[in-house]
>>> print(open('final_32.pdb').read())   # PDB, C-alpha atoms
ATOM      1  CA  MET A   1    -132.963  30.214 -53.738  1.00  0.00           C
ATOM      2  CA  GLU A   2    -129.697  28.406 -54.332  1.00  0.00           C
ATOM      3  CA  SER A   3    -126.525  30.398 -54.818  1.00  0.00           C
ATOM      4  CA  PRO A   4    -125.207  30.194 -57.405  1.00  0.00           C
ATOM      5  CA  SER A   5    -128.399  29.747 -59.376  1.00  0.00           C
ATOM      6  CA  TYR A   6    -129.731  30.109 -62.893  1.00  0.00           C
ATOM      7  CA  LYS A   7    -129.644  33.878 -63.526  1.00  0.00           C
ATOM      8  CA  LYS A   8    -133.098  34.025 -65.126  1.00  0.00           C
ATOM      9  CA  ILE A   9    -134.737  32.828 -61.907  1.00  0.00           C
ATOM     10  CA  GLU A  10    -133.192  35.720 -60.024  1.00  0.00           C
ATOM     11  CA  GLN A  11    -134.206  38.127 -62.813  1.00  0.00           C
ATOM     12  CA  VAL A  12    -137.829  36.954 -62.656  1.00  0.00           C
ATOM     13  CA  TYR A  13    -137.949  37.467 -58.900  1.00  0.00           C
ATOM     14  CA  LYS A  14    -136.400  40.932 -59.196  1.00  0.00           C
ATOM     15  CA  ALA A  15    -138.735  41.946 -62.045  1.00  0.00           C
ATOM     16  CA  THR A  16    -141.789  40.966 -59.993  1.00  0.00           C
ATOM     17  CA  HIS A  17    -140.444  42.615 -56.812  1.00  0.00           C
ATOM     18  CA  ILE A  18    -140.279  39.351 -54.902  1.00  0.00           C
ATOM     19  CA  SER A  19    -137.709  39.437 -52.128  1.00  0.00           C
ATOM     20  CA  TYR A  20    -135.448  36.413 -51.882  1.00  0.00           C
ATOM     21  CA  GLU A  21    -132.448  35.104 -50.024  1.00  0.00           C
ATOM     22  CA  SER A  22    -129.455  33.497 -51.697  1.00  0.00           C
ATOM     23  CA  LEU A  23    -128.605  30.277 -49.879  1.00  0.00           C
ATOM     24  CA  PRO A  24    -125.082  28.961 -50.502  1.00  0.00           C
ATOM     25  CA  LEU A  25    -124.601  25.524 -51.994  1.00  0.00           C
ATOM     26  CA  THR A  26    -122.246  22.932 -50.584  1.00  0.00           C
ATOM     27  CA  ASN A  27    -121.183  19.797 -52.432  1.00  0.00           C
ATOM     28  CA  SER A  28    -124.333  18.032 -51.107  1.00  0.00           C
ATOM     29  CA  GLY A  29    -126.954  20.762 -51.621  1.00  0.00           C
ATOM     30  CA  ILE A  30    -128.031  23.943 -49.852  1.00  0.00           C
ATOM     31  CA  ASN A  31    -126.056  24.773 -46.718  1.00  0.00           C
ATOM     32  CA  SER A  32    -128.078  23.399 -43.773  1.00  0.00           C
ATOM     33  CA  LYS A  33    -127.405  26.325 -41.436  1.00  0.00           C
ATOM     34  CA  ALA A  34    -128.388  28.885 -44.075  1.00  0.00           C
ATOM     35  CA  LEU A  35    -131.619  26.998 -44.815  1.00  0.00           C
ATOM     36  CA  ALA A  36    -132.497  26.654 -41.116  1.00  0.00           C
ATOM     37  CA  GLU A  37    -131.892  30.368 -40.506  1.00  0.00           C
ATOM     38  CA  SER A  38    -133.764  31.498 -43.606  1.00  0.00           C
ATOM     39  CA  LYS A  39    -136.926  33.521 -43.122  1.00  0.00           C
ATOM     40  CA  ALA A  40    -138.264  32.280 -46.467  1.00  0.00           C
ATOM     41  CA  ASP A  41    -141.641  30.627 -46.961  1.00  0.00           C
ATOM     42  CA  ILE A  42    -140.662  29.158 -50.336  1.00  0.00           C
ATOM     43  CA  LEU A  43    -137.534  27.262 -51.350  1.00  0.00           C
ATOM     44  CA  HIS A  44    -136.676  27.402 -55.058  1.00  0.00           C
ATOM     45  CA  THR A  45    -134.280  24.566 -55.823  1.00  0.00           C
ATOM     46  CA  THR A  46    -132.893  22.422 -58.616  1.00  0.00           C
ATOM     47  CA  PRO A  47    -132.004  19.353 -56.543  1.00  0.00           C
ATOM     48  CA  PHE A  48    -131.032  17.037 -59.382  1.00  0.00           C
ATOM     49  CA  ARG A  49    -128.321  19.170 -60.954  1.00  0.00           C
ATOM     50  CA  SER A  50    -128.160  22.772 -59.856  1.00  0.00           C
ATOM     51  CA  TYR A  51    -127.139  25.159 -62.600  1.00  0.00           C
ATOM     52  CA  PRO A  52    -124.399  26.403 -63.000  1.00  0.00           C
ATOM     53  CA  SER A  53    -122.684  24.506 -60.160  1.00  0.00           C
ATOM     54  CA  GLY A  54    -123.724  20.987 -61.198  1.00  0.00           C
ATOM     55  CA  VAL A  55    -124.386  20.085 -57.545  1.00  0.00           C
ATOM     56  CA  THR A  56    -126.871  17.268 -56.969  1.00  0.00           C
ATOM     57  CA  ALA A  57    -128.588  17.253 -53.589  1.00  0.00           C
ATOM     58  CA  THR A  58    -127.940  14.056 -51.661  1.00  0.00           C
ATOM     59  CA  ALA A  59    -130.842  11.892 -50.480  1.00  0.00           C
ATOM     60  CA  SER A  60    -130.431  13.148 -46.916  1.00  0.00           C
ATOM     61  CA  LYS A  61    -130.377  16.749 -48.156  1.00  0.00           C
ATOM     62  CA  ARG A  62    -133.595  16.172 -50.103  1.00  0.00           C
ATOM     63  CA  HIS A  63    -135.245  14.875 -46.938  1.00  0.00           C
ATOM     64  CA  GLU A  64    -133.941  17.951 -45.093  1.00  0.00           C
ATOM     65  CA  TYR A  65    -135.682  20.163 -47.679  1.00  0.00           C
ATOM     66  CA  ILE A  66    -138.912  18.229 -47.142  1.00  0.00           C
ATOM     67  CA  ARG A  67    -138.656  18.565 -43.327  1.00  0.00           C
ATOM     68  CA  TRP A  68    -137.988  22.315 -43.750  1.00  0.00           C
ATOM     69  CA  SER A  69    -141.077  22.677 -45.943  1.00  0.00           C
ATOM     70  CA  GLU A  70    -143.347  20.906 -43.478  1.00  0.00           C
ATOM     71  CA  LYS A  71    -142.960  23.705 -40.926  1.00  0.00           C
ATOM     72  CA  ASP A  72    -145.171  26.802 -41.028  1.00  0.00           C
ATOM     73  CA  ASN A  73    -146.947  26.036 -44.329  1.00  0.00           C
ATOM     74  CA  ARG A  74    -143.862  26.421 -46.491  1.00  0.00           C
ATOM     75  CA  TYR A  75    -143.540  25.495 -50.160  1.00  0.00           C
ATOM     76  CA  ILE A  76    -140.845  24.144 -52.430  1.00  0.00           C
ATOM     77  CA  ILE A  77    -140.505  25.053 -56.090  1.00  0.00           C
ATOM     78  CA  GLU A  78    -138.641  22.124 -57.615  1.00  0.00           C
ATOM     79  CA  ASP A  79    -137.060  22.785 -61.000  1.00  0.00           C
ATOM     80  CA  ASP A  80    -136.309  19.271 -62.151  1.00  0.00           C
ATOM     81  CA  PHE A  81    -134.791  19.761 -65.587  1.00  0.00           C
ATOM     82  CA  GLU A  82    -132.636  16.945 -66.935  1.00  0.00           C
ATOM     83  CA  SER A  83    -133.237  14.445 -64.124  1.00  0.00           C
ATOM     84  CA  GLU A  84    -134.770  11.971 -66.562  1.00  0.00           C
ATOM     85  CA  PHE A  85    -131.277  11.341 -67.920  1.00  0.00           C
ATOM     86  CA  SER A  86    -129.799  10.203 -64.640  1.00  0.00           C
ATOM     87  CA  VAL A  87    -127.424   7.347 -65.398  1.00  0.00           C
ATOM     88  CA  SER A  88    -128.253   5.713 -62.091  1.00  0.00           C
ATOM     89  CA  THR A  89    -130.118   2.439 -62.436  1.00  0.00           C
ATOM     90  CA  LYS A  90    -132.529   3.696 -59.773  1.00  0.00           C
ATOM     91  CA  PRO A  91    -133.860   7.170 -60.683  1.00  0.00           C
ATOM     92  CA  THR A  92    -133.436   9.838 -58.022  1.00  0.00           C
ATOM     93  CA  GLU A  93    -136.718  10.582 -56.286  1.00  0.00           C
ATOM     94  CA  THR A  94    -138.062  14.055 -56.821  1.00  0.00           C
ATOM     95  CA  LEU A  95    -139.013  16.270 -53.909  1.00  0.00           C
ATOM     96  CA  PHE A  96    -142.524  16.173 -55.360  1.00  0.00           C
ATOM     97  CA  ALA A  97    -142.581  12.385 -54.937  1.00  0.00           C
ATOM     98  CA  LEU A  98    -141.022  12.509 -51.456  1.00  0.00           C
ATOM     99  CA  SER A  99    -143.439  15.052 -50.005  1.00  0.00           C
ATOM    100  CA  ASN A 100    -146.647  13.990 -48.308  1.00  0.00           C
ATOM    101  CA  SER A 101    -147.655  17.580 -47.576  1.00  0.00           C
ATOM    102  CA  ASP A 102    -148.969  18.659 -51.002  1.00  0.00           C
ATOM    103  CA  ASN A 103    -146.593  21.628 -50.914  1.00  0.00           C
ATOM    104  CA  VAL A 104    -144.175  21.043 -53.795  1.00  0.00           C
ATOM    105  CA  ILE A 105    -144.602  22.883 -57.087  1.00  0.00           C
ATOM    106  CA  TYR A 106    -142.885  20.773 -59.723  1.00  0.00           C
ATOM    107  CA  LEU A 107    -141.391  22.336 -62.882  1.00  0.00           C
ATOM    108  CA  ASN A 108    -139.850  20.555 -65.850  1.00  0.00           C
ATOM    109  CA  THR A 109    -139.391  20.873 -69.584  1.00  0.00           C
ATOM    110  CA  PHE A 110    -139.192  18.699 -72.668  1.00  0.00           C
ATOM    111  CA  SER A 111    -136.363  20.836 -74.112  1.00  0.00           C
ATOM    112  CA  LYS A 112    -133.678  18.540 -72.709  1.00  0.00           C
ATOM    113  CA  THR A 113    -135.471  15.229 -73.147  1.00  0.00           C
ATOM    114  CA  ILE A 114    -136.804  15.624 -76.683  1.00  0.00           C
ATOM    115  CA  SER A 115    -135.274  18.657 -78.374  1.00  0.00           C
ATOM    116  CA  PRO A 116    -134.025  22.151 -77.454  1.00  0.00           C
ATOM    117  CA  SER A 117    -136.293  23.536 -80.176  1.00  0.00           C
ATOM    118  CA  LEU A 118    -139.348  22.005 -78.479  1.00  0.00           C
ATOM    119  CA  ARG A 119    -140.055  24.799 -76.033  1.00  0.00           C
ATOM    120  CA  ILE A 120    -142.642  23.043 -73.905  1.00  0.00           C
ATOM    121  CA  GLY A 121    -142.387  23.342 -70.159  1.00  0.00           C
ATOM    122  CA  TYR A 122    -144.864  22.202 -67.570  1.00  0.00           C
ATOM    123  CA  MET A 123    -145.792  22.696 -63.951  1.00  0.00           C
ATOM    124  CA  VAL A 124    -147.529  20.353 -61.536  1.00  0.00           C
ATOM    125  CA  LEU A 125    -149.298  22.291 -58.821  1.00  0.00           C
ATOM    126  CA  PRO A 126    -150.627  21.055 -55.505  1.00  0.00           C
ATOM    127  CA  LYS A 127    -154.398  20.656 -56.024  1.00  0.00           C
ATOM    128  CA  HIS A 128    -155.256  23.357 -53.506  1.00  0.00           C
ATOM    129  CA  LEU A 129    -153.305  25.953 -55.560  1.00  0.00           C
ATOM    130  CA  VAL A 130    -154.950  25.264 -58.935  1.00  0.00           C
ATOM    131  CA  LYS A 131    -157.905  27.626 -58.390  1.00  0.00           C
ATOM    132  CA  THR A 132    -155.619  30.407 -57.151  1.00  0.00           C
ATOM    133  CA  PHE A 133    -153.408  29.904 -60.200  1.00  0.00           C
ATOM    134  CA  ASP A 134    -156.408  30.005 -62.540  1.00  0.00           C
ATOM    135  CA  ASP A 135    -157.831  33.117 -60.848  1.00  0.00           C
ATOM    136  CA  LYS A 136    -154.582  35.098 -60.765  1.00  0.00           C
ATOM    137  CA  ILE A 137    -152.729  34.155 -63.949  1.00  0.00           C
ATOM    138  CA  GLY A 138    -154.946  31.717 -65.809  1.00  0.00           C
ATOM    139  CA  PHE A 139    -155.631  34.403 -68.395  1.00  0.00           C
ATOM    140  CA  TYR A 140    -152.209  33.919 -70.002  1.00  0.00           C
ATOM    141  CA  SER A 141    -152.536  32.096 -73.280  1.00  0.00           C
ATOM    142  CA  CYS A 142    -150.528  29.001 -74.061  1.00  0.00           C
ATOM    143  CA  THR A 143    -147.951  29.747 -76.757  1.00  0.00           C
ATOM    144  CA  VAL A 144    -147.318  26.081 -77.571  1.00  0.00           C
ATOM    145  CA  PRO A 145    -149.040  25.143 -80.837  1.00  0.00           C
ATOM    146  CA  THR A 146    -151.922  22.720 -80.348  1.00  0.00           C
ATOM    147  CA  PHE A 147    -150.436  20.331 -82.907  1.00  0.00           C
ATOM    148  CA  MET A 148    -147.212  20.062 -80.856  1.00  0.00           C
ATOM    149  CA  GLN A 149    -149.242  19.366 -77.725  1.00  0.00           C
ATOM    150  CA  TYR A 150    -151.096  16.541 -79.507  1.00  0.00           C
ATOM    151  CA  VAL A 151    -147.844  15.026 -80.810  1.00  0.00           C
ATOM    152  CA  LEU A 152    -146.321  15.140 -77.326  1.00  0.00           C
ATOM    153  CA  THR A 153    -149.465  13.625 -75.804  1.00  0.00           C
ATOM    154  CA  ASP A 154    -149.271  10.774 -78.296  1.00  0.00           C
ATOM    155  CA  LEU A 155    -145.557  10.200 -77.552  1.00  0.00           C
ATOM    156  CA  ILE A 156    -146.325   9.915 -73.855  1.00  0.00           C
ATOM    157  CA  ASN A 157    -149.508   7.846 -74.156  1.00  0.00           C
ATOM    158  CA  ASN A 158    -148.106   5.231 -76.550  1.00  0.00           C
ATOM    159  CA  GLY A 159    -144.899   4.723 -74.534  1.00  0.00           C
ATOM    160  CA  ASP A 160    -142.483   6.167 -77.112  1.00  0.00           C
ATOM    161  CA  PHE A 161    -141.334   8.925 -74.739  1.00  0.00           C
ATOM    162  CA  GLU A 162    -140.443   6.463 -71.962  1.00  0.00           C
ATOM    163  CA  ARG A 163    -138.637   4.181 -74.430  1.00  0.00           C
ATOM    164  CA  HIS A 164    -136.662   7.193 -75.691  1.00  0.00           C
ATOM    165  CA  ILE A 165    -135.637   8.142 -72.143  1.00  0.00           C
ATOM    166  CA  ASN A 166    -134.565   4.562 -71.394  1.00  0.00           C
ATOM    167  CA  ARG A 167    -132.520   4.358 -74.633  1.00  0.00           C
ATOM    168  CA  VAL A 168    -130.668   7.566 -73.771  1.00  0.00           C
ATOM    169  CA  ARG A 169    -130.004   6.363 -70.197  1.00  0.00           C
ATOM    170  CA  ARG A 170    -128.573   3.062 -71.477  1.00  0.00           C
ATOM    171  CA  LYS A 171    -126.364   4.915 -73.959  1.00  0.00           C
ATOM    172  CA  LYS A 172    -125.071   7.275 -71.250  1.00  0.00           C
ATOM    173  CA  ARG A 173    -124.351   4.350 -68.898  1.00  0.00           C
ATOM    174  CA  LYS A 174    -122.435   2.593 -71.679  1.00  0.00           C
ATOM    175  CA  GLU A 175    -120.437   5.762 -72.393  1.00  0.00           C
ATOM    176  CA  LEU A 176    -119.549   6.101 -68.709  1.00  0.00           C
ATOM    177  CA  SER A 177    -118.406   2.499 -68.515  1.00  0.00           C
ATOM    178  CA  PHE A 178    -115.742   3.275 -71.148  1.00  0.00           C
ATOM    179  CA  ILE A 179    -114.283   6.156 -69.133  1.00  0.00           C
TER     180      ILE A 179
END
>>> encode(input="final_32.pdb", output="structure tokens")
Amino acid sequence: MESPSYKKIEQVYKATHISYESLPLTNSGINSKALAESKADILHTTPFRSYPSGVTATASKRHEYIRWSEKDNRYIIEDDFESEFSVSTKPTETLFALSNSDNVIYLNTFSKTISPSLRIGYMVLPKHLVKTFDDKIGFYSCTVPTFMQYVLTDLINNGDFERHINRVRRKKRKELSFI
């Protein structure tokens, strides 16, 4: 995992007795030498804007992560919070989109894009992991009220969510142009 990283990620790994390595961040992403020398099978990263450092992995660094993951059946856990609000006219490609190996687990939330009080997160799993997920932890109940799930589904399906994201991006670009 990246170092520094969001403290809760580290706490979850410690609480579940999962061993991990802290890989130092540079101004372009995870240090290449540290990643290459890592004995890890899984890379947990927030490539868009690592918290708390604010580092965004460069395009070449993202491709390095993908190349790393393609060796020895490795996986990437991509925590992609807040990337929807990139002010770039061309959105940054996610690791999930870049990978052809079906080995990226994609995490995101609607807390930043809609409202902090809307505590709905989601995960996109590679298809071959869905059954394992269901068998091992599928018994957990969803704590998001059904009504909220229906409202969110409607926002996405009728295009309102995408229009909202685009409005916020335009506003942020305009604000940056005044700086």
>>> resolve_selection(input="final_32.pdb", expression="the PyMOL selection byres ((chain A and resi 63) around 12)", output="MDAnalysis selection string")
chainID A and resid 29:30 32 47 57:62 64:70 93:100
>>> write_last_selection(input="final_32.pdb", atoms="C-alpha atoms", output="short mmCIF file (atom, residue, chain, number, x, y, z; two decimals), keeping the file's coordinate frame")
data_model
loop_
_atom_site.label_atom_id
_atom_site.label_comp_id
_atom_site.auth_asym_id
_atom_site.auth_seq_id
_atom_site.Cartn_x
_atom_site.Cartn_y
_atom_site.Cartn_z
CA GLY A 29 -126.95 20.76 -51.62
CA ILE A 30 -128.03 23.94 -49.85
CA SER A 32 -128.08 23.40 -43.77
CA PRO A 47 -132.00 19.35 -56.54
CA ALA A 57 -128.59 17.25 -53.59
CA THR A 58 -127.94 14.06 -51.66
CA ALA A 59 -130.84 11.89 -50.48
CA SER A 60 -130.43 13.15 -46.92
CA LYS A 61 -130.38 16.75 -48.16
CA ARG A 62 -133.60 16.17 -50.10
CA GLU A 64 -133.94 17.95 -45.09
CA TYR A 65 -135.68 20.16 -47.68
CA ILE A 66 -138.91 18.23 -47.14
CA ARG A 67 -138.66 18.57 -43.33
CA TRP A 68 -137.99 22.32 -43.75
CA SER A 69 -141.08 22.68 -45.94
CA GLU A 70 -143.35 20.91 -43.48
CA GLU A 93 -136.72 10.58 -56.29
CA THR A 94 -138.06 14.06 -56.82
CA LEU A 95 -139.01 16.27 -53.91
CA PHE A 96 -142.52 16.17 -55.36
CA ALA A 97 -142.58 12.38 -54.94
CA LEU A 98 -141.02 12.51 -51.46
CA SER A 99 -143.44 15.05 -50.00
CA ASN A 100 -146.65 13.99 -48.31
#
>>> closest_residue(input="final_32.pdb", among="A:Lys33, A:Lys39, A:Lys14, A:Lys174", to="Asp72 (chain A)", atoms="all atoms listed in the file")
A:Lys39
>>> closest_residue(input="final_32.pdb", among="A:Leu129, A:Ile18, A:Cys142, A:Leu152", to="Ser115 (chain A)", atoms="all atoms listed in the file")
A:Leu152
>>> closest_residue(input="final_32.pdb", among="A:Asp135, A:Asp102, A:Glu37, A:Asp160", to="Glu21 (chain A)", atoms="all atoms listed in the file")
A:Glu37
>>> residues_around(input="final_32.pdb", residues="Leu43 (chain A)", least_positions_apart="4", cutoff="7 Å", atoms="only C-alpha atoms", output="number ranges by chain")
A: 1, 75-77
>>> atom_distance(input="final_32.pdb", atom1="CA of Ile9 (chain A)", atom2="CA of Thr46 (chain A)")
11.1 Å
>>> closest_residue(input="final_32.pdb", among="A:Ile114, A:Val12, A:Ile120, A:Leu107", to="Met148 (chain A)", atoms="all atoms listed in the file")
A:Ile120
>>> atom_distance(input="final_32.pdb", atom1="CA of Leu23 (chain A)", atom2="CA of Tyr6 (chain A)")
13.1 Å
>>> resolve_selection(input="final_32.pdb", expression="the PyMOL selection byres ((chain A and resi 143-147) around 12)", output="list in words")
Ser117, Leu118, Arg119, Ile120, Gly121, Tyr122, Tyr140, Ser141, Cys142, Met148, Gln149, Tyr150, Val151, Leu152, Thr153 and Asp154 of chain A
>>> atom_distance(input="final_32.pdb", atom1="CA of Asn103 (chain A)", atom2="CA of Arg74 (chain A)")
7.1 Å
>>> resolve_selection(input="final_32.pdb", expression="the PyMOL selection byres ((chain A and resi 25) around 9)", output="MDAnalysis selection string")
chainID A and resid 2:4 23:24 26:31 53 55
>>> closest_residue(input="final_32.pdb", among="A:Ile137, A:Leu155, A:Leu125, A:Ile165", to="Thr113 (chain A)", atoms="all atoms listed in the file")
A:Ile165
